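Have a look at protein_8.cif; it's mmCIF, C-alpha atoms:
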data_query
loop_
_atom_site.label_atom_id
_atom_site.label_comp_id
_atom_site.auth_asym_id
_atom_site.auth_seq_id
_atom_site.Cartn_x
_atom_site.Cartn_y
_atom_site.Cartn_z
CA MET A 1 9.04 9.52 -8.66
CA LEU A 2 11.34 6.50 -8.97
CA GLU A 3 12.45 3.92 -6.43
CA ILE A 4 14.88 1.12 -7.23
CA ASN A 5 15.02 -1.48 -4.48
CA GLU A 6 17.81 -4.07 -4.25
CA ILE A 7 17.94 -5.06 -7.91
CA HIS A 8 20.21 -7.72 -9.35
CA THR A 9 20.69 -7.53 -13.13
CA TYR A 10 22.42 -9.94 -15.48
CA TYR A 11 23.72 -9.71 -19.05
CA GLY A 12 23.25 -13.31 -20.10
CA GLN A 13 25.02 -15.34 -17.42
CA SER A 14 27.09 -12.40 -16.19
CA HIS A 15 25.95 -10.83 -12.92
CA ILE A 16 26.24 -7.04 -13.52
CA LEU A 17 24.31 -5.26 -10.75
CA PHE A 18 24.35 -6.32 -7.12
CA ASP A 19 21.70 -5.13 -4.67
CA VAL A 20 21.41 -1.66 -6.27
CA SER A 21 18.96 0.74 -4.60
CA LEU A 22 18.27 4.42 -5.20
CA LYS A 23 15.46 6.94 -4.91
CA ILE A 24 14.61 10.01 -6.97
CA LYS A 25 12.08 12.62 -5.90
CA LYS A 26 9.91 14.54 -8.33
CA GLY A 27 11.72 17.53 -9.86
CA GLN A 28 15.21 16.38 -8.86
CA VAL A 29 18.28 15.80 -10.98
CA VAL A 30 19.98 12.78 -9.41
CA CYS A 31 23.34 11.59 -10.71
CA LEU A 32 24.79 8.11 -10.93
CA LEU A 33 28.56 8.50 -11.09
CA GLY A 34 31.11 5.85 -11.94
CA ARG A 35 33.85 4.89 -14.34
CA ASN A 36 33.34 2.86 -17.52
CA GLY A 37 31.96 -0.59 -16.77
CA ALA A 38 30.86 0.32 -13.25
CA GLY A 39 27.17 -0.43 -13.89
CA LYS A 40 25.68 2.94 -14.83
CA THR A 41 24.23 1.89 -18.17
CA ALA A 42 22.99 -1.41 -16.73
CA THR A 43 21.07 0.52 -14.08
CA LEU A 44 19.36 2.71 -16.66
CA LYS A 45 18.60 -0.28 -18.89
CA SER A 46 17.11 -2.07 -15.89
CA VAL A 47 14.73 0.83 -15.30
CA MET A 48 13.78 1.05 -18.99
CA GLY A 49 13.03 -2.65 -19.31
CA LEU A 50 15.94 -3.30 -21.67
CA ALA A 51 17.77 -5.45 -19.09
CA PRO A 52 15.11 -6.45 -16.57
CA PRO A 53 16.45 -7.34 -13.12
CA LYS A 54 16.16 -10.94 -11.97
CA ARG A 55 15.64 -9.85 -8.37
CA GLY A 56 14.47 -6.65 -6.73
CA THR A 57 11.82 -4.11 -7.70
CA ILE A 58 11.52 -0.85 -9.59
CA ARG A 59 8.62 1.50 -8.84
CA PHE A 60 7.57 4.56 -10.84
CA LYS A 61 5.15 6.94 -9.12
CA GLY A 62 4.32 4.12 -6.71
CA GLU A 63 3.59 1.52 -9.39
CA ASP A 64 5.70 -1.61 -9.74
CA ILE A 65 7.15 -1.45 -13.28
CA THR A 66 9.77 -4.18 -12.86
CA GLY A 67 10.28 -5.99 -16.15
CA ARG A 68 7.81 -3.88 -18.16
CA GLN A 69 8.60 -3.38 -21.85
CA ALA A 70 10.28 -0.14 -22.93
CA TYR A 71 7.33 0.98 -25.06
CA GLN A 72 5.00 0.55 -22.08
CA LEU A 73 7.27 2.68 -19.90
CA ALA A 74 7.50 5.39 -22.57
CA ARG A 75 3.70 5.58 -22.54
CA LYS A 76 3.77 5.98 -18.77
CA GLY A 77 6.07 9.00 -19.04
CA ILE A 78 9.65 7.71 -18.93
CA GLY A 79 12.09 8.96 -21.56
CA TYR A 80 15.47 7.40 -22.34
CA VAL A 81 18.58 8.83 -24.01
CA PRO A 82 21.06 5.97 -24.56
CA ASP A 83 24.80 6.53 -24.50
CA ASP A 84 25.11 5.46 -28.16
CA ARG A 85 22.29 7.82 -29.21
CA ARG A 86 20.49 5.31 -31.51
CA ILE A 87 19.65 7.95 -34.10
CA PHE A 88 17.93 6.70 -37.27
CA ALA A 89 20.72 7.48 -39.71
CA ASP A 90 18.57 7.36 -42.87
CA LEU A 91 15.84 9.62 -41.47
CA THR A 92 16.06 13.40 -41.35
CA VAL A 93 16.26 15.33 -38.10
CA GLY A 94 12.58 16.21 -38.44
CA GLU A 95 11.61 12.61 -39.14
CA ASN A 96 13.62 11.37 -36.14
CA LEU A 97 11.54 13.68 -33.97
CA GLU A 98 8.19 12.93 -35.57
CA ILE A 99 8.60 9.17 -35.24
CA ALA A 100 9.16 9.55 -31.49
CA ALA A 101 5.94 11.45 -30.79
CA ASN A 102 3.88 9.77 -28.06
CA LYS A 103 0.24 9.99 -29.13
CA LYS A 104 -0.95 8.89 -25.70
CA ARG A 105 0.83 11.90 -24.19
CA ALA A 106 0.27 14.36 -27.05
CA ASP A 107 -1.27 16.91 -24.68
CA GLY A 108 2.15 17.58 -23.15
CA GLU A 109 4.16 20.72 -23.68
CA TRP A 110 6.79 19.28 -26.03
CA ASN A 111 6.24 19.20 -29.76
CA LYS A 112 8.48 19.71 -32.76
CA ALA A 113 7.97 23.49 -32.88
CA ARG A 114 8.81 23.95 -29.19
CA LEU A 115 11.84 21.70 -29.47
CA TYR A 116 13.16 23.77 -32.38
CA ASP A 117 12.74 26.83 -30.19
CA PHE A 118 14.58 25.05 -27.36
CA PHE A 119 17.31 23.66 -29.65
CA PRO A 120 17.55 26.24 -32.48
CA ALA A 121 20.42 24.39 -34.17
CA LEU A 122 18.13 21.43 -34.87
CA GLU A 123 15.68 23.55 -36.85
CA LYS A 124 18.47 24.50 -39.24
CA MET A 125 19.16 20.80 -39.75
CA ASP A 126 15.52 19.74 -40.12
CA THR A 127 16.03 18.09 -43.52
CA ARG A 128 19.53 16.72 -42.85
CA LYS A 129 19.89 12.95 -42.46
CA GLY A 130 20.66 11.85 -38.90
CA GLY A 131 23.71 9.92 -40.04
CA LEU A 132 25.30 13.12 -41.33
CA LEU A 133 25.25 14.87 -37.96
CA SER A 134 28.30 15.16 -35.73
CA GLY A 135 28.43 13.17 -32.51
CA GLY A 136 27.44 16.23 -30.47
CA GLU A 137 24.57 17.09 -32.81
CA GLN A 138 23.32 13.52 -32.54
CA LYS A 139 23.41 13.80 -28.72
CA ILE A 140 21.22 16.88 -28.88
CA LEU A 141 18.86 15.18 -31.33
CA ALA A 142 18.65 12.15 -29.02
CA ILE A 143 17.64 14.37 -26.09
CA ALA A 144 15.09 16.19 -28.25
CA ARG A 145 13.70 12.90 -29.51
CA ALA A 146 13.19 11.69 -25.92
CA LEU A 147 11.37 14.93 -25.09
CA MET A 148 8.97 14.35 -28.01
CA GLY A 149 7.41 11.65 -25.85
CA ASN A 150 6.53 14.31 -23.25
CA PRO A 151 8.10 12.40 -20.36
CA GLU A 152 7.79 13.27 -16.69
CA PHE A 153 11.05 11.48 -15.98
CA ILE A 154 14.09 11.07 -18.21
CA LEU A 155 17.11 8.76 -18.12
CA LEU A 156 20.24 10.41 -19.54
CA ASP A 157 23.15 8.06 -20.20
CA GLU A 158 26.57 9.70 -20.69
CA PRO A 159 25.33 12.86 -22.47
CA THR A 160 28.85 14.39 -22.57
CA GLU A 161 30.73 11.35 -23.86
CA GLY A 162 32.82 12.11 -26.94
CA ILE A 163 31.64 15.67 -27.55
CA ALA A 164 33.42 19.02 -27.66
CA PRO A 165 33.70 21.12 -24.46
CA LEU A 166 31.53 23.88 -25.95
CA LEU A 167 28.69 21.44 -26.51
CA VAL A 168 29.14 20.05 -22.99
CA ASP A 169 28.38 23.53 -21.64
CA HIS A 170 25.40 23.82 -23.98
CA ILE A 171 23.94 20.50 -22.81
CA ALA A 172 24.47 21.49 -19.17
CA GLU A 173 22.53 24.69 -19.77
CA LYS A 174 19.67 22.77 -21.38
CA ILE A 175 19.47 20.20 -18.57
CA LEU A 176 19.18 23.01 -16.04
CA LYS A 177 16.36 24.55 -18.08
CA LEU A 178 14.60 21.20 -18.24
CA LYS A 179 14.89 20.93 -14.48
CA GLN A 180 13.22 24.34 -14.20
CA THR A 181 10.24 23.00 -16.15
CA GLY A 182 9.77 20.32 -13.45
CA LEU A 183 11.27 17.40 -15.37
CA THR A 184 12.87 14.72 -13.17
CA VAL A 185 16.23 13.37 -14.37
CA LEU A 186 18.49 10.42 -13.59
CA LEU A 187 21.86 11.34 -15.07
CA ALA A 188 24.49 8.61 -15.50
CA GLU A 189 27.93 10.11 -16.11
CA GLN A 190 31.64 9.83 -15.43
CA ASN A 191 32.27 13.55 -15.99
CA VAL A 192 32.25 14.51 -12.31
CA LYS A 193 32.47 18.30 -12.62
CA PHE A 194 29.69 18.47 -15.22
CA THR A 195 27.42 16.12 -13.31
CA LEU A 196 27.73 17.56 -9.82
CA SER A 197 27.11 21.08 -11.15
CA LEU A 198 23.62 19.94 -12.23
CA SER A 199 22.56 17.48 -9.55
CA ASP A 200 20.66 17.66 -6.27
CA TYR A 201 21.78 14.29 -4.98
CA GLY A 202 24.21 11.63 -6.09
CA TYR A 203 25.07 7.95 -6.03
CA ILE A 204 28.46 6.45 -6.84
CA ILE A 205 28.54 2.98 -8.37
CA ASP A 206 31.55 0.69 -8.72
CA ASN A 207 31.71 -2.95 -9.77
CA GLY A 208 27.93 -3.09 -9.94
CA ARG A 209 27.35 -1.89 -6.37
CA ILE A 210 26.39 1.47 -4.90
CA CYS A 211 29.44 2.36 -2.82
CA HIS A 212 28.31 5.77 -1.61
CA GLN A 213 25.44 8.22 -1.77
CA GLY A 214 24.93 11.71 -0.49
CA SER A 215 24.25 15.34 -1.23
CA VAL A 216 26.22 17.07 -3.95
CA GLN A 217 28.11 18.95 -1.25
CA GLU A 218 29.20 15.70 0.40
CA LEU A 219 30.34 14.17 -2.87
CA THR A 220 32.15 17.35 -3.86
CA GLU A 221 33.98 17.86 -0.58
CA ASP A 222 34.95 14.27 0.26
CA GLU A 223 37.86 13.48 -2.04
CA GLU A 224 38.49 10.19 -0.21
CA ILE A 225 35.03 8.90 -1.12
CA ARG A 226 35.59 9.71 -4.77
CA LYS A 227 38.98 8.02 -4.81
CA THR A 228 37.65 4.93 -3.05
CA CYS A 229 34.77 4.59 -5.48
CA GLY A 230 36.88 5.20 -8.56
CA ILE A 231 35.61 8.52 -9.93
#
Please express what this file holds, its structure, as structure tokens.
Amino acid sequence: MLEINEIHTYYGQSHILFDVSLKIKKGQVVCLLGRNGAGKTATLKSVMGLAPPKRGTIRFKGEDITGRQAYQLARKGIGYVPDDRRIFADLTVGENLEIAANKKRADGEWNKARLYDFFPALEKMDTRKGGLLSGGEQKILAIARALMGNPEFILLDEPTEGIAPLLVDHIAEKILKLKQTGLTVLLAEQNVKFTLSLSDYGYIIDNGRICHQGSVQELTEDEEIRKTCGI
């Protein structure tokens, strides 16, 4: 589904990612673990065309998408949930969803009615302005908004950051249900317990480099690896 091959990404003159490579198979949840500033967000932004790599390649379903614009990638079936949510504060919940609909992929299974069935709390807030939602409610809205594009593959950046434990459990449940529908997920997180409970395979990033990769069992059992890589 996605193959990142030896990318080098910069923010301005600052070299952020060094020789990062990873692969994700269709239907998998793959995690990218690391502490703050390790390079998780930069990796997701590189994929989504928001911080195109200067070297290396990114392939989606076999096609080279390196450096493509975000709107082009959304049309191809990639969804993105940023760590800062990027909710339209002056639009209602319903309007935030409607504006994200992907007309080129409108034949997909996700629409506003199905999302309200999947996230019942959002339906109750349909007319509430996005800026009036709590941080956790905005996270859920951000995930729902990404699904409105009917993606085949979704990038989730720090979905548990700054939200209550009860909502963390709720989001974990929803990610597992999305996996059951066949959606492929790249999950960037520093919450190790949450992330490994959902994932099939994992990568650990530190200082902009992949320092280890392996099955969830390997990452769970090898405490030395986790200490070395800073998670």
Next item on the list: Rank nothing, just name the residue among A:Ser21, A:Phe153, A:Arg35, A:Thr195 nearest to Ala172 in chain A, using all atoms listed in the file.
Entry: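 Of A:Ser21, A:Phe153, A:Arg35, A:Thr195, the one nearest Ala172 in chain A, counting all atoms listed in the file, is A:Thr195.
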Check: Expanded to explicit residues, what is the PyMOL selection byres ((chain A and resi 216) around 8) for this file, as a PyMOL selection string?
Finding: chain A and resi 196+199-202+214-215+217-220
Next item on the list: Kindly indicate which residue among A:Leu91, A:Ala51, A:Leu183, A:Met148 lies nearest to Ile24 in chain A, using only C-alpha atoms for the distances.
Entry: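 Smallest distance to Ile24 in chain A is found for A:Leu183.
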Checklist line | Residues in the PyMOL selection byres ((chain A and resi 19) around 8), expressed as a VMD selection string | finding: chain A and resid 5 to 8 17 to 18 20 to 21 56 209
Next item on the list: Specify as an NGL selection string each residue included when the PyMOL selection byres ((chain A and resi 117-124) around 8) is applied to this file.
Entry: :A and (93 or 113-116 or 125-126 or 140-141 or 144)
Next item on the list: Would you work out the distance separating CA of Lys177 in chain A from CA of Gly27 in chain A, expressed in Å to one decimal?
Entry: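 About the pair CA of Lys177 in chain A and CA of Gly27 in chain A: they are 11.8 Å apart.
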Check: Expressed in Å to a single decimal, how great is the separation between CA of Val185 in chain A and CA of Glu95 in chain A?
Finding: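 For CA of Val185 in chain A relative to CA of Glu95 in chain A, the distance reads 25.2 Å.
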Report, as lines of an AutoDock Vina configuration file, the axis-aligned box around all atoms of range 163-174 of chain A present in the file, extended by 5 Å on each side; give centre and edge lengths in Å to one decimal place.
center_x = 26.7
center_y = 20.2
center_z = -23.4
size_x = 24.0
size_y = 19.0
size_z = 18.5
Checklist line | Between CA of Glu3 in chain A and CA of Thr57 in chain A, distance in Å (one decimal) | finding: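 Going from CA of Glu3 in chain A over to CA of Thr57 in chain A covers 8.2 Å.
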Model the absent atoms of range 28-42 of chain A so that N, CA and C atoms are present, and write the result as a PDB file, in the frame of the given file.
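Generated output (part_26.pdb):
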ATOM      1  N   GLN A  28      13.762  16.435  -9.133  1.00  0.00           N
ATOM      2  CA  GLN A  28      15.210  16.380  -8.860  1.00  0.00           C
ATOM      3  C   GLN A  28      16.002  15.998 -10.105  1.00  0.00           C
ATOM      4  N   VAL A  29      17.275  16.413 -10.119  1.00  0.00           N
ATOM      5  CA  VAL A  29      18.280  15.800 -10.980  1.00  0.00           C
ATOM      6  C   VAL A  29      19.179  14.992 -10.051  1.00  0.00           C
ATOM      7  N   VAL A  30      19.157  13.678 -10.220  1.00  0.00           N
ATOM      8  CA  VAL A  30      19.980  12.780  -9.410  1.00  0.00           C
ATOM      9  C   VAL A  30      21.021  12.149 -10.326  1.00  0.00           C
ATOM     10  N   CYS A  31      22.268  12.135  -9.874  1.00  0.00           N
ATOM     11  CA  CYS A  31      23.340  11.590 -10.710  1.00  0.00           C
ATOM     12  C   CYS A  31      23.757  10.207 -10.226  1.00  0.00           C
ATOM     13  N   LEU A  32      24.189   9.410 -11.191  1.00  0.00           N
ATOM     14  CA  LEU A  32      24.790   8.110 -10.930  1.00  0.00           C
ATOM     15  C   LEU A  32      26.188   8.159 -11.528  1.00  0.00           C
ATOM     16  N   LEU A  33      27.176   8.315 -10.662  1.00  0.00           N
ATOM     17  CA  LEU A  33      28.560   8.500 -11.090  1.00  0.00           C
ATOM     18  C   LEU A  33      29.333   7.182 -11.034  1.00  0.00           C
ATOM     19  N   GLY A  34      30.259   7.033 -11.952  1.00  0.00           N
ATOM     20  CA  GLY A  34      31.110   5.850 -11.940  1.00  0.00           C
ATOM     21  C   GLY A  34      31.924   5.764 -13.217  1.00  0.00           C
ATOM     22  N   ARG A  35      33.007   5.018 -13.164  1.00  0.00           N
ATOM     23  CA  ARG A  35      33.850   4.890 -14.340  1.00  0.00           C
ATOM     24  C   ARG A  35      33.207   3.939 -15.351  1.00  0.00           C
ATOM     25  N   ASN A  36      33.828   3.783 -16.514  1.00  0.00           N
ATOM     26  CA  ASN A  36      33.340   2.860 -17.520  1.00  0.00           C
ATOM     27  C   ASN A  36      33.254   1.441 -16.962  1.00  0.00           C
ATOM     28  N   GLY A  37      32.135   0.781 -17.224  1.00  0.00           N
ATOM     29  CA  GLY A  37      31.960  -0.590 -16.770  1.00  0.00           C
ATOM     30  C   GLY A  37      31.517  -0.741 -15.329  1.00  0.00           C
ATOM     31  N   ALA A  38      31.220   0.380 -14.669  1.00  0.00           N
ATOM     32  CA  ALA A  38      30.860   0.320 -13.250  1.00  0.00           C
ATOM     33  C   ALA A  38      29.426  -0.172 -13.024  1.00  0.00           C
ATOM     34  N   GLY A  39      28.556  -0.007 -14.034  1.00  0.00           N
ATOM     35  CA  GLY A  39      27.170  -0.430 -13.890  1.00  0.00           C
ATOM     36  C   GLY A  39      26.148   0.670 -14.134  1.00  0.00           C
ATOM     37  N   LYS A  40      26.602   1.822 -14.612  1.00  0.00           N
ATOM     38  CA  LYS A  40      25.680   2.940 -14.830  1.00  0.00           C
ATOM     39  C   LYS A  40      24.650   2.615 -15.910  1.00  0.00           C
ATOM     40  N   THR A  41      25.135   2.197 -17.069  1.00  0.00           N
ATOM     41  CA  THR A  41      24.230   1.890 -18.170  1.00  0.00           C
ATOM     42  C   THR A  41      23.305   0.737 -17.818  1.00  0.00           C
ATOM     43  N   ALA A  42      23.828  -0.271 -17.134  1.00  0.00           N
ATOM     44  CA  ALA A  42      22.990  -1.410 -16.730  1.00  0.00           C
ATOM     45  C   ALA A  42      21.851  -0.965 -15.823  1.00  0.00           C
TER      46      ALA A  42
END
